Structure formats: structure tokens, C-alpha cells
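A.B. asks: This one is target_34.txt, compact mmCIF, C-alpha atoms and all ligand atoms.
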# COMPACT_ATOMS: atom_id res chain seq x y z
CA MET Q 427 112.48 84.36 121.96
CA ILE Q 428 114.68 82.74 119.33
CA ILE Q 429 117.90 84.41 118.13
CA THR Q 430 119.52 83.79 114.76
CA VAL Q 431 123.18 84.68 114.18
CA THR Q 432 124.38 85.54 110.65
CA LEU Q 433 127.98 86.74 110.73
CA ASN Q 434 128.25 86.76 106.92
CA ALA Q 435 124.90 88.35 106.05
CA ALA Q 436 124.33 89.03 102.35
CA ILE Q 437 122.10 90.44 99.71
CA ASP Q 438 120.99 87.40 97.72
CA ASN Q 439 120.32 88.13 94.07
CA THR Q 440 118.33 85.39 92.37
CA LEU Q 441 118.24 85.49 88.57
CA SER Q 442 116.02 83.32 86.42
CA VAL Q 443 117.99 82.58 83.23
CA PRO Q 444 116.47 80.16 80.67
CA HIS Q 445 118.94 77.86 78.88
CA PHE Q 446 121.86 79.05 81.04
CA ARG Q 447 125.22 78.08 79.53
CA LEU Q 448 128.73 78.99 80.65
CA GLY Q 449 130.45 81.46 78.33
CA ALA Q 450 127.22 82.63 76.66
CA ARG Q 451 125.38 85.96 76.84
CA HIS Q 452 121.99 85.79 78.58
CA ARG Q 453 118.99 87.88 79.49
CA ALA Q 454 117.39 87.24 82.89
CA VAL Q 455 113.57 86.84 82.74
CA ASP Q 456 113.15 87.40 86.48
CA LYS Q 457 115.32 88.98 89.17
CA ARG Q 458 114.77 89.13 92.92
CA ALA Q 459 116.87 90.55 95.70
CA ALA Q 460 116.48 89.69 99.38
CA ALA Q 461 118.41 89.69 102.63
CA GLY Q 462 120.23 86.37 102.91
CA GLY Q 463 122.80 84.26 104.67
CA LYS Q 464 121.73 81.10 106.46
CA GLY Q 465 120.77 82.64 109.81
CA ILE Q 466 118.67 85.29 108.07
CA ASN Q 467 116.89 82.64 105.99
CA VAL Q 468 116.12 80.76 109.21
CA ALA Q 469 114.79 83.98 110.80
CA ARG Q 470 112.52 84.58 107.81
CA ALA Q 471 111.19 81.02 108.01
CA LEU Q 472 110.61 81.34 111.78
CA LYS Q 473 108.67 84.56 111.15
CA CYS Q 474 106.54 82.68 108.55
CA LEU Q 475 105.88 80.02 111.23
CA GLY Q 476 104.72 82.69 113.67
CA GLN Q 477 107.59 82.39 116.16
CA PRO Q 478 109.21 85.36 117.92
CA VAL Q 479 112.67 85.80 116.43
CA ILE Q 480 115.43 88.39 116.35
CA ALA Q 481 118.17 88.30 113.72
CA THR Q 482 121.66 89.49 114.62
CA GLY Q 483 125.14 89.41 113.10
CA PHE Q 484 127.26 91.88 111.13
CA ALA Q 485 126.10 94.33 108.46
CA GLY Q 486 128.43 96.70 106.64
CA GLY Q 487 128.32 99.48 104.07
CA VAL Q 488 125.41 100.22 101.72
CA THR Q 489 124.85 96.48 101.24
CA GLY Q 490 124.55 96.13 105.03
CA THR Q 491 122.04 98.97 105.09
CA ARG Q 492 120.00 97.23 102.37
CA ILE Q 493 120.08 93.94 104.34
CA ILE Q 494 118.64 95.70 107.38
CA GLU Q 495 116.06 97.56 105.27
CA TYR Q 496 114.90 94.35 103.60
CA LEU Q 497 114.58 92.59 106.95
CA THR Q 498 112.69 95.50 108.47
CA GLY Q 499 110.43 95.56 105.37
CA GLU Q 500 109.57 91.90 106.05
CA SER Q 501 108.94 92.70 109.75
CA VAL Q 502 111.80 90.46 110.84
CA LEU Q 503 113.12 92.01 114.07
CA ASN Q 504 116.84 92.64 113.79
CA ASP Q 505 119.75 94.05 115.74
CA PHE Q 506 123.01 93.89 113.75
CA VAL Q 507 126.47 95.21 114.61
CA ARG Q 508 127.46 97.73 111.93
CA ILE Q 509 130.95 97.16 110.53
CA GLY Q 510 133.35 99.23 108.42
CA GLU Q 511 133.71 96.86 105.46
CA GLU Q 512 130.97 96.07 102.93
CA SER Q 513 128.66 93.05 103.43
CA ARG Q 514 128.72 90.56 100.55
CA THR Q 515 126.36 89.92 97.68
CA SER Q 516 125.49 86.36 96.64
CA THR Q 517 124.11 85.30 93.29
CA VAL Q 518 121.91 82.34 92.43
CA LEU Q 519 121.20 81.54 88.78
CA ILE Q 520 118.14 79.38 88.23
CA ASP Q 521 117.46 77.89 84.82
CA PRO Q 522 113.64 77.49 84.72
CA THR Q 523 113.88 75.10 81.76
CA THR Q 524 115.88 72.49 83.71
CA GLY Q 525 115.42 73.54 87.35
CA GLU Q 526 119.24 73.59 87.69
CA GLN Q 527 120.70 76.18 90.02
CA THR Q 528 124.17 77.68 90.21
CA GLU Q 529 125.31 79.55 93.33
CA ILE Q 530 128.12 82.12 93.46
CA ASN Q 531 128.99 83.28 96.96
CA GLU Q 532 131.43 86.09 97.71
CA HIS Q 533 133.87 85.90 100.63
CA GLY Q 534 132.55 88.80 102.62
CA PRO Q 535 134.09 91.60 104.66
CA ARG Q 536 136.85 91.58 107.25
CA VAL Q 537 135.68 92.10 110.82
CA SER Q 538 137.97 93.93 113.27
CA GLU Q 539 138.67 92.80 116.83
CA ALA Q 540 136.68 95.80 118.16
CA GLU Q 541 133.66 94.90 115.97
CA LEU Q 542 133.88 91.29 117.11
CA GLU Q 543 133.87 92.41 120.73
CA LEU Q 544 130.75 94.52 120.07
CA PHE Q 545 129.05 91.43 118.71
CA ARG Q 546 130.01 89.32 121.75
CA GLU Q 547 128.51 92.01 123.98
CA LYS Q 548 125.33 92.24 121.92
CA LEU Q 549 124.71 88.48 121.90
CA MET Q 550 125.31 88.12 125.63
CA TYR Q 551 122.94 91.08 126.17
CA LEU Q 552 120.22 89.33 124.11
CA ALA Q 553 120.88 85.87 125.61
CA PRO Q 554 118.97 86.20 128.92
CA GLY Q 555 115.75 86.85 126.94
CA ALA Q 556 116.28 83.90 124.61
CA ASP Q 557 115.46 80.17 124.70
CA ILE Q 558 117.17 78.98 121.52
CA CYS Q 559 119.89 80.45 119.31
CA VAL Q 560 120.58 79.39 115.71
CA ILE Q 561 124.18 80.02 114.60
CA ALA Q 562 124.41 79.43 110.89
CA GLY Q 563 126.55 79.94 107.82
CA SER Q 564 130.10 80.95 107.00
CA ILE Q 565 132.22 83.42 108.96
CA PRO Q 566 133.80 86.58 107.56
CA LYS Q 567 137.55 87.16 107.58
CA GLY Q 568 139.11 88.16 110.89
CA ILE Q 569 137.00 85.82 113.02
CA PRO Q 570 138.71 82.90 114.80
CA TYR Q 571 137.73 79.37 113.69
CA ASP Q 572 136.57 78.42 117.17
CA PHE Q 573 134.20 81.40 117.41
CA TYR Q 574 131.01 79.35 117.01
CA GLY Q 575 132.26 77.06 119.78
CA GLU Q 576 132.86 80.10 121.98
CA LEU Q 577 129.30 81.33 121.27
CA VAL Q 578 127.80 77.91 122.05
CA SER Q 579 129.63 77.82 125.41
CA GLY Q 580 128.67 81.43 126.24
CA LEU Q 581 125.00 80.85 125.40
CA LYS Q 582 124.95 77.62 127.42
CA LYS Q 583 125.83 79.65 130.55
CA HIS Q 584 122.61 81.63 129.99
CA GLY Q 585 120.58 78.42 129.54
CA VAL Q 586 120.11 79.08 125.81
CA ALA Q 587 119.92 75.95 123.62
CA THR Q 588 121.94 76.15 120.39
CA LEU Q 589 121.67 74.86 116.84
CA VAL Q 590 124.83 75.23 114.73
CA ASP Q 591 124.76 74.86 110.94
CA ALA Q 592 128.15 75.46 109.31
CA GLU Q 593 130.89 73.74 107.32
CA GLY Q 594 134.54 72.76 107.61
CA ASP Q 595 136.83 73.81 110.46
CA ILE Q 596 134.26 76.19 111.98
CA MET Q 597 131.83 73.29 112.40
CA SER Q 598 134.46 70.87 113.73
CA HIS Q 599 135.38 73.38 116.40
CA ALA Q 600 131.74 74.10 117.20
CA LEU Q 601 131.06 70.37 117.76
CA ARG Q 602 133.61 70.32 120.56
CA ALA Q 603 131.44 72.81 122.46
CA GLU Q 604 128.55 70.27 122.28
CA PRO Q 605 125.72 72.16 120.57
CA ASP Q 606 122.18 70.94 121.31
CA MET Q 607 121.25 70.47 117.66
CA ILE Q 608 122.98 70.19 114.30
CA ALA Q 609 121.42 69.64 110.87
CA PRO Q 610 124.09 69.18 108.18
CA ASN Q 611 123.22 67.98 104.67
CA VAL Q 612 124.90 64.83 103.35
CA ASN Q 613 128.04 66.58 102.02
CA GLU Q 614 128.56 68.50 105.23
CA ALA Q 615 128.01 65.40 107.38
CA GLU Q 616 130.52 63.45 105.24
CA GLU Q 617 133.08 66.18 105.81
CA MET Q 618 132.46 66.11 109.57
CA VAL Q 619 132.84 62.35 109.97
CA GLY Q 620 135.62 62.18 107.36
CA ARG Q 621 134.23 59.59 104.94
CA GLU Q 622 131.78 59.26 102.08
CA PHE Q 623 128.32 57.77 102.53
CA VAL Q 624 127.63 55.21 99.83
CA ASP Q 625 124.38 53.63 100.98
CA ALA Q 626 121.45 53.89 103.40
CA GLU Q 627 123.45 52.05 106.06
CA ASP Q 628 126.08 54.82 106.00
CA LEU Q 629 123.36 57.47 106.31
CA ALA Q 630 121.75 55.58 109.18
CA SER Q 631 125.02 55.48 111.13
CA ALA Q 632 125.97 59.13 110.44
CA PRO Q 633 123.87 60.83 113.17
CA GLY Q 634 125.34 58.51 115.82
CA GLU Q 635 128.85 59.37 114.64
CA LEU Q 636 128.04 63.07 114.79
CA ARG Q 637 126.82 62.61 118.36
CA ALA Q 638 130.13 60.96 119.21
CA LEU Q 639 131.84 64.14 117.92
CA GLY Q 640 129.84 66.29 120.37
CA ALA Q 641 126.35 67.04 118.97
CA LYS Q 642 123.31 66.17 121.11
CA ASP Q 643 120.44 66.02 118.58
CA ALA Q 644 122.02 65.08 115.25
CA VAL Q 645 119.98 65.42 112.06
CA VAL Q 646 121.43 64.64 108.62
CA THR Q 647 119.25 66.04 105.85
CA THR Q 648 118.75 64.42 102.46
CA SER Q 649 116.56 65.52 99.55
CA GLU Q 650 113.96 62.96 100.79
CA GLY Q 651 113.90 64.03 104.45
CA CYS Q 652 116.44 63.23 107.16
CA TRP Q 653 118.19 60.66 109.34
CA SER Q 654 118.45 61.49 113.00
CA VAL Q 655 119.49 60.37 116.48
CA LEU Q 656 118.08 62.47 119.31
CA ASP Q 657 119.53 62.85 122.77
CA GLU Q 658 116.23 61.83 124.42
CA ASP Q 659 116.44 58.30 122.95
CA ALA Q 660 119.93 57.69 121.61
CA GLN Q 661 119.24 53.98 120.96
CA LYS Q 662 116.90 54.87 118.11
CA THR Q 663 117.82 56.05 114.63
CA LEU Q 664 114.91 57.85 113.01
CA HIS Q 665 114.45 57.87 109.26
CA VAL Q 666 112.05 60.64 108.27
CA THR Q 667 110.62 60.88 104.76
CA ALA Q 668 108.72 63.80 103.23
CA PRO Q 669 105.95 63.31 100.67
CA GLU Q 670 107.27 63.77 97.14
CA LEU Q 671 106.80 67.27 95.81
CA ASP Q 672 107.89 68.84 92.55
CA PRO Q 673 110.35 71.52 93.74
CA ILE Q 674 110.42 75.06 92.34
CA THR Q 675 113.79 75.60 94.02
CA THR Q 676 115.57 73.78 96.83
CA VAL Q 677 117.80 76.76 97.76
CA GLY Q 678 117.38 77.34 101.50
CA SER Q 679 115.33 74.18 102.08
CA GLY Q 680 117.83 73.13 104.75
CA ASP Q 681 117.37 76.50 106.43
CA ALA Q 682 113.59 75.99 106.41
CA LEU Q 683 114.09 72.55 107.96
CA VAL Q 684 116.24 74.12 110.69
CA ALA Q 685 113.51 76.72 111.35
CA GLY Q 686 110.91 73.95 111.60
CA LEU Q 687 113.02 72.00 114.08
CA VAL Q 688 113.70 75.05 116.24
CA SER Q 689 110.08 76.20 116.07
CA ALA Q 690 108.85 72.77 117.18
CA ARG Q 691 111.34 72.60 120.06
CA TYR Q 692 110.46 76.18 121.06
CA ILE Q 693 106.80 75.24 121.57
CA GLY Q 694 107.85 72.08 123.43
CA LEU Q 695 107.10 69.33 120.91
CA GLY Q 696 108.79 65.95 121.49
CA GLY Q 697 111.60 64.70 119.26
CA GLU Q 698 109.68 62.69 116.68
CA GLU Q 699 106.98 65.33 116.29
CA ALA Q 700 109.67 68.01 115.95
CA LEU Q 701 111.42 66.04 113.19
CA ARG Q 702 108.14 65.50 111.38
CA TYR Q 703 107.47 69.23 111.50
CA ALA Q 704 111.05 70.08 110.44
CA VAL Q 705 110.90 67.82 107.39
CA ALA Q 706 107.47 69.21 106.44
CA CYS Q 707 108.99 72.72 106.55
CA GLY Q 708 111.98 71.71 104.40
CA ALA Q 709 109.71 70.12 101.82
CA GLU Q 710 107.14 72.96 101.80
CA SER Q 711 109.86 75.56 101.29
CA THR Q 712 110.74 73.94 97.93
CA GLN Q 713 107.39 75.27 96.67
CA HIS Q 714 108.54 78.90 96.98
CA PHE Q 715 111.10 80.96 95.10
CA GLY Q 716 112.65 82.86 98.06
CA ALA Q 717 115.05 81.14 100.52
CA GLY Q 718 113.39 80.60 103.91
CA THR Q 719 109.90 81.33 102.59
CA LEU Q 720 107.18 79.07 103.97
CA ASP Q 721 103.40 78.80 103.95
CA ARG Q 722 102.45 77.84 107.51
CA THR Q 723 99.03 76.44 106.57
CA ALA Q 724 100.58 74.27 103.84
CA VAL Q 725 103.19 73.02 106.38
CA ASP Q 726 100.39 71.99 108.76
CA GLN Q 727 98.74 70.05 105.93
CA LEU Q 728 102.00 68.30 105.02
CA VAL Q 729 102.95 67.17 108.55
CA ASP Q 730 100.63 64.13 108.60
CA ARG Q 731 102.04 62.95 105.29
CA VAL Q 732 105.60 62.81 106.67
CA GLU Q 733 106.64 59.26 107.54
CA ILE Q 734 108.92 58.16 110.37
CA GLU Q 735 110.62 54.81 110.68
CA ALA Q 736 112.45 54.02 113.92
CA ILE Q 737 115.43 51.68 113.79
CA GLN Q 738 116.81 50.33 117.07
CA ARG Q 739 120.58 50.37 117.03
CA PRO Q 740 123.23 48.89 119.26
CA VAL Q 741 124.60 51.16 121.97
CA VAL Q 742 127.88 52.82 120.96
CA SER Q 743 129.93 53.58 124.02
N1 LIG Q 801 114.40 67.84 95.57
C1 LIG Q 801 113.68 67.94 96.69
N2 LIG Q 801 112.36 67.61 96.71
C2 LIG Q 801 111.62 67.69 97.84
N3 LIG Q 801 112.11 68.11 99.03
C3 LIG Q 801 113.39 68.46 99.08
C4 LIG Q 801 114.26 68.41 97.93
N4 LIG Q 801 115.49 68.84 98.29
C5 LIG Q 801 115.39 69.16 99.61
N5 LIG Q 801 114.14 68.93 100.09
C6 LIG Q 801 113.67 69.14 101.49
O1 LIG Q 801 114.52 70.06 102.14
C7 LIG Q 801 115.17 69.48 103.27
C8 LIG Q 801 116.62 69.92 103.37
O2 LIG Q 801 117.26 69.57 102.19
P1 LIG Q 801 118.82 69.58 101.91
O3 LIG Q 801 119.48 68.38 102.51
O4 LIG Q 801 118.94 69.75 100.43
O5 LIG Q 801 119.32 70.89 102.69
P2 LIG Q 801 120.57 71.86 102.46
O6 LIG Q 801 121.53 71.27 101.48
O7 LIG Q 801 121.07 72.21 103.80
O8 LIG Q 801 119.89 73.15 101.81
P3 LIG Q 801 120.34 74.69 101.94
O9 LIG Q 801 121.75 74.69 102.47
O10 LIG Q 801 120.21 75.24 100.53
O11 LIG Q 801 119.37 75.32 102.84
C9 LIG Q 801 114.98 67.97 103.11
O12 LIG Q 801 114.83 67.36 104.35
C10 LIG Q 801 113.72 67.85 102.28
O13 LIG Q 801 112.58 67.81 103.14
MG MG Q 802 122.06 73.60 104.86
Have the structure of the file written as C-alpha cells, please.

C.D. replies:
Amino acid sequence: MIITVTLNAAIDNTLSVPHFRLGARHRAVDKRAAAGGKGINVARALKCLGQPVIATGFAGGVTGTRIIEYLTGESVLNDFVRIGEESRTSTVLIDPTTGEQTEINEHGPRVSEAELELFREKLMYLAPGADICVIAGSIPKGIPYDFYGELVSGLKKHGVATLVDAEGDIMSHALRAEPDMIAPNVNEAEEMVGREFVDAEDLASAPGELRALGAKDAVVTTSEGCWSVLDEDAQKTLHVTAPELDPITTVGSGDALVAGLVSARYIGLGGEEALRYAVACGAESTQHFGAGTLDRTAVDQLVDRVEIEAIQRPVVS
């Protein structure tokens, strides 16, 4: 079983607004609502890939009820802690004439100490039945910054491998707990290592630097694929490139890549094969409107078109 954790679950409203302009009045030509938040997107993608997954986290108020109803409607198993405050709503505006997208994310509810304790208990109850846990996205107010690190350490005791995907202080703290996998995009990776990447050389060295900060398998995603150093062969930097596709939307493509990586590891694929599959999932997801939506057959067809280049690098002690 795979667990996904979404502490800041949301209802994602996606509006299609042609010729979107700030300060103007618009009419949306298409509107979709779905359960969202990074962990939930990963759970949806894992379900599309046919893997057993259970989504957990916090859900509050009528928005929380809708999140759970949407997930149940998609047959994504879920077991959320209900909280007193209202879960957030996120809005994505897509301009179909340019492909440009604008995201507006709310802060989310405050979680009480008692609710947090309920969550700890729930996760540790689920852990013995799990192999991998994905901890992804922002944290609501009231949760300590080192909470993801605490979860990683707790899950480790149950032999559960972890993938953490978050930003800022939460991620820095999580790295200290040595998660098994991380998959930041370029901006997030820059923030973690504390400098900007200007060229391919910078990107190639980034996964090694992230490993030095605590991660085991480090994957840095780009719009073309990813750069990675895996624990099983830390001398090698892998540059993985997806075939070029014309994206419909790239929202949630990183979450689809995470699902691909976890799915591949869950069935026991080796590192390079897992990365190939992950990048195929990220790329395929750009062909669908909803975040974390994948066509498994199309992924299988894309995998062979993903290219991997291995670069030997000097040992960093
Ligand atoms: N413009 C694009 N065209 C084709 N594939 C893309 C494009 N953008 C992203 N992808 C695919 O999606 C994967 C992840 O992309 P990206 O680095 O943008 O993730 P992200 O920023 O974490 O996304 P999100 O947080 O919205 O899920 C890439 O490895 C690539 O395979
Ligand atoms: Mg991402």
C-alpha cells in the first residue's frame, strides 16, 4: 500500500478564461472543480496507474466534506482527520488562447494541537500496512515547521520509505530527517541549495548537493524531464529527457512525476527504469486538464521514448 499525506487539502477550481487580463471583466468558458493539494493529486495519479493508495490528511467544514466526496467519487480510498476550520479553495485560471496559467492559493485552516495528535495517531496506525508514503504540499497554520521531518522519522521506524515534496522551511527541516526520495522543481531546488542555477552544469550538480543536505534519491524536475542522483549509484548523475509534447496544462505535472516514481519503486523497478517511468508520467499528464490525471496506456507507450544520459561525476565526500 502507498499512503499520500495532504495536510492542506483543497478544492481546486480551474477556470478557462480566454484573453485573461488583470483588471478586466471576464466570462469563463469552462469550469471544473476537483479535490486537490499535492498529495491528493499524487493519489489520483497513483490510482490512474493502478497502484493501491490511500489518501490522508486534514479536511474541514463543507469544503472538507466536498474534498472527501470528490475523492470517493473517483474511487480514491481516503481516511482524513476532520477538523473544525474550513479547508481551502484554490483557483487556477487558464487562458486557452495563450496556454498561460495563473494560480491563486489560499492559506488554509488552522489545525489545533488535538487535531494534530489525531493525525499522528492515524498515520502511525496506517504505517504498518504501507510500503511508501508521499508527504506533499504546504502545511496549514498551527503545525510546527519540523512536522514533515517528524513524520519521516516516525514512518522510518515502521520501515516505510518516504518521498517529501514541499517548499521553504518545511522542506529544509524535512531534509534533516533524510527522506528516501525528493523531487523538487528548479525553483524549489534553488531555494534548498541557496543559489540560482544558470546553466546545465548547475542543474547537473544540484541533485548531489541535495543529497548532501540529507536526501537519498534526489530528483530535480525541469520542463524537459529531470536531473537525478540515486542512492544506489551516487557516482552517476542521470539526465532524463521526455519526448516533446504540446502541453494542454502543466499544472500538477510534478505530482504526476512523483506518482510515477513511487509507482515504479513500489513494483520494484531499478533506479533508471523508475526515472524513465516517472518522466513519462510527468510528460503524459500535460495532455490532460485535471491535475494528477494520467492515461496509463499512453504512459506505457511514452516510456521507450524517454532518453537517459548517465554522467560520471567525481565523488563528493
Ligand atoms: N512544458 C512542458 N512540456 C512537456 N512536459 C512538461 C512540461 N512541463 C512539465 N513537463 C513534465 O512534467 C514534469 C514535472 O515538471 P515540473 O518541473 O514543471 O514540475 P512542478 O513544477 O513540480 O509541477 P507541479 O508543482 O505543478 O506539479 C517534467 O519532468 C516533464 O516531464
Ligand atoms: Mg512540484

A.B. asks: Hey, which residues sit close to ligand LIG 801 (chain Q)? Say within 7 Å, counting only C-alpha atoms and all ligand atoms, and write them as a PyMOL selection string.

C.D. replies: chain Q and resi 610-612+647-652+668+670-673+676-683+705-709+712

A.B. asks: Please dump the current selection as a CSV table (one decimal), in the frame of the given file; keep C-alpha atoms.

C.D. replies:
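Final output, saved to out29.csv:
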chain,number,residue,atom,x,y,z
Q,610,PRO,CA,124.1,69.2,108.2
Q,611,ASN,CA,123.2,68.0,104.7
Q,612,VAL,CA,124.9,64.8,103.4
Q,647,THR,CA,119.2,66.0,105.8
Q,648,THR,CA,118.8,64.4,102.5
Q,649,SER,CA,116.6,65.5,99.6
Q,650,GLU,CA,114.0,63.0,100.8
Q,651,GLY,CA,113.9,64.0,104.4
Q,652,CYS,CA,116.4,63.2,107.2
Q,668,ALA,CA,108.7,63.8,103.2
Q,670,GLU,CA,107.3,63.8,97.1
Q,671,LEU,CA,106.8,67.3,95.8
Q,672,ASP,CA,107.9,68.8,92.6
Q,673,PRO,CA,110.4,71.5,93.7
Q,676,THR,CA,115.6,73.8,96.8
Q,677,VAL,CA,117.8,76.8,97.8
Q,678,GLY,CA,117.4,77.3,101.5
Q,679,SER,CA,115.3,74.2,102.1
Q,680,GLY,CA,117.8,73.1,104.8
Q,681,ASP,CA,117.4,76.5,106.4
Q,682,ALA,CA,113.6,76.0,106.4
Q,683,LEU,CA,114.1,72.6,108.0
Q,705,VAL,CA,110.9,67.8,107.4
Q,706,ALA,CA,107.5,69.2,106.4
Q,707,CYS,CA,109.0,72.7,106.6
Q,708,GLY,CA,112.0,71.7,104.4
Q,709,ALA,CA,109.7,70.1,101.8
Q,712,THR,CA,110.7,73.9,97.9

A.B. asks: Using all atoms listed in the file, which of Q:Asp659, Q:Lys464, Q:Thr723, Q:Glu512 sits nearest Gly696 (chain Q)?

C.D. replies: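 Smallest separation from Gly696 (chain Q) among the options: Q:Asp659.
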
A.B. asks: Fewer than 3 positions away in the same chain doesn't count, so skip those; otherwise give me all residues within 12 Å of Leu552 (chain Q), counting all atoms listed in the file, as a list in words.

C.D. replies: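 The contact residues come out as Met427, Ile428, Ile429, Thr430, Val431, Val479, Ile480, Ala481, Thr482, Asn504, Asp505, Phe506, Phe545, Arg546, Glu547, Lys548, Leu549, Gly555, Ala556, Asp557, Ile558, Cys559, Gly580, Leu581, His584 and Val586 of chain Q.
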
A.B. asks: CA of Ala724 (chain Q) to CA of Leu503 (chain Q): how many Å, to one decimal?

C.D. replies: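 Here the two named atoms are 24.0 Å from each other.
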
A.B. asks: Can you work out which one of Q:Val507, Q:Ile674, Q:Ala540, Q:Leu433 has the shortest atom-to-atom distance to Ala717 (chain Q), counting only C-alpha atoms?

C.D. replies: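 Between Q:Val507, Q:Ile674, Q:Ala540, Q:Leu433, the residue approaching Ala717 (chain Q) most closely is Q:Ile674.
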
A.B. asks: What are the centre and edge lengths in Å, to one decimal, of the axis-aligned box around all listed atoms of region 581-593 of chain Q with 3 Å added on each side, as AutoDock Vina command-line options?

C.D. replies:
--center_x 125.4 --center_y 77.7 --center_z 118.9 --size_x 17.0 --size_y 13.9 --size_z 29.2

A.B. asks: Considering only C-alpha atoms, state which residue in the set Q:Gly620, Q:Gly563, Q:Gly718, Q:Gly594 is at the smallest distance from Gly463 (chain Q).

C.D. replies: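 So, comparing all the options, the nearest one is Q:Gly563.
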
A.B. asks: From the set Q:Ser598, Q:Asn434, Q:Ser711, Q:Gln738, which residue has the shortest atom-to-atom contact distance to Leu639 (chain Q), counting all atoms listed in the file?

C.D. replies: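 For Leu639 (chain Q), the nearest of the given residues is Q:Ser598.
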
A.B. asks: Would you mind telling me which residue in Q:Val537, Q:Ile520, Q:Val468, Q:Leu629 lies nearest to ligand MG 802 (chain Q) when using all atoms listed in the file?

C.D. replies: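 Nearest candidate to ligand MG 802 (chain Q) out of Q:Val537, Q:Ile520, Q:Val468, Q:Leu629: Q:Val468.
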
A.B. asks: Would you list the contacts of region 435-441 of chain Q as a PyMOL selection string, taking every protein, DNA or RNA residue within 9 Å and counting only C-alpha atoms, but skipping same-chain residues closer than 3 positions in sequence?

C.D. replies: chain Q and resi 432+454-466+483-485+489-490+492-493+513-521+532+534+563+715-716

A.B. asks: For the residues in the current selection, export C-alpha atoms as a compact mmCIF listing (two decimals), in the coordinates of the input.

C.D. replies:
# COMPACT_ATOMS: atom_id res chain seq x y z
CA THR Q 432 124.38 85.54 110.65
CA ALA Q 454 117.39 87.24 82.89
CA VAL Q 455 113.57 86.84 82.74
CA ASP Q 456 113.15 87.40 86.48
CA LYS Q 457 115.32 88.98 89.17
CA ARG Q 458 114.77 89.13 92.92
CA ALA Q 459 116.87 90.55 95.70
CA ALA Q 460 116.48 89.69 99.38
CA ALA Q 461 118.41 89.69 102.63
CA GLY Q 462 120.23 86.37 102.91
CA GLY Q 463 122.80 84.26 104.67
CA LYS Q 464 121.73 81.10 106.46
CA GLY Q 465 120.77 82.64 109.81
CA ILE Q 466 118.67 85.29 108.07
CA GLY Q 483 125.14 89.41 113.10
CA PHE Q 484 127.26 91.88 111.13
CA ALA Q 485 126.10 94.33 108.46
CA THR Q 489 124.85 96.48 101.24
CA GLY Q 490 124.55 96.13 105.03
CA ARG Q 492 120.00 97.23 102.37
CA ILE Q 493 120.08 93.94 104.34
CA SER Q 513 128.66 93.05 103.43
CA ARG Q 514 128.72 90.56 100.55
CA THR Q 515 126.36 89.92 97.68
CA SER Q 516 125.49 86.36 96.64
CA THR Q 517 124.11 85.30 93.29
CA VAL Q 518 121.91 82.34 92.43
CA LEU Q 519 121.20 81.54 88.78
CA ILE Q 520 118.14 79.38 88.23
CA ASP Q 521 117.46 77.89 84.82
CA GLU Q 532 131.43 86.09 97.71
CA GLY Q 534 132.55 88.80 102.62
CA GLY Q 563 126.55 79.94 107.82
CA PHE Q 715 111.10 80.96 95.10
CA GLY Q 716 112.65 82.86 98.06

A.B. asks: In Å, how far is it from CA of Arg508 (chain Q) to CA of Leu720 (chain Q)?

C.D. replies: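 Distance reported for this atom pair: 28.7 Å.
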
A.B. asks: For Ala641 (chain Q), find every residue with an atom within 6 Å (counting only C-alpha atoms), except residues of its own chain fewer than 6 positions away, and show them as a list in words.

C.D. replies: Leu601, Glu604 and Pro605 of chain Q

A.B. asks: Of the candidates Q:Val655, Q:Leu687, Q:Ile565, Q:Ala600, which shows the shortest atom-to-atom distance to Ala736 (chain Q), using all atoms listed in the file?

C.D. replies: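 Smallest distance to Ala736 (chain Q) is found for Q:Val655.
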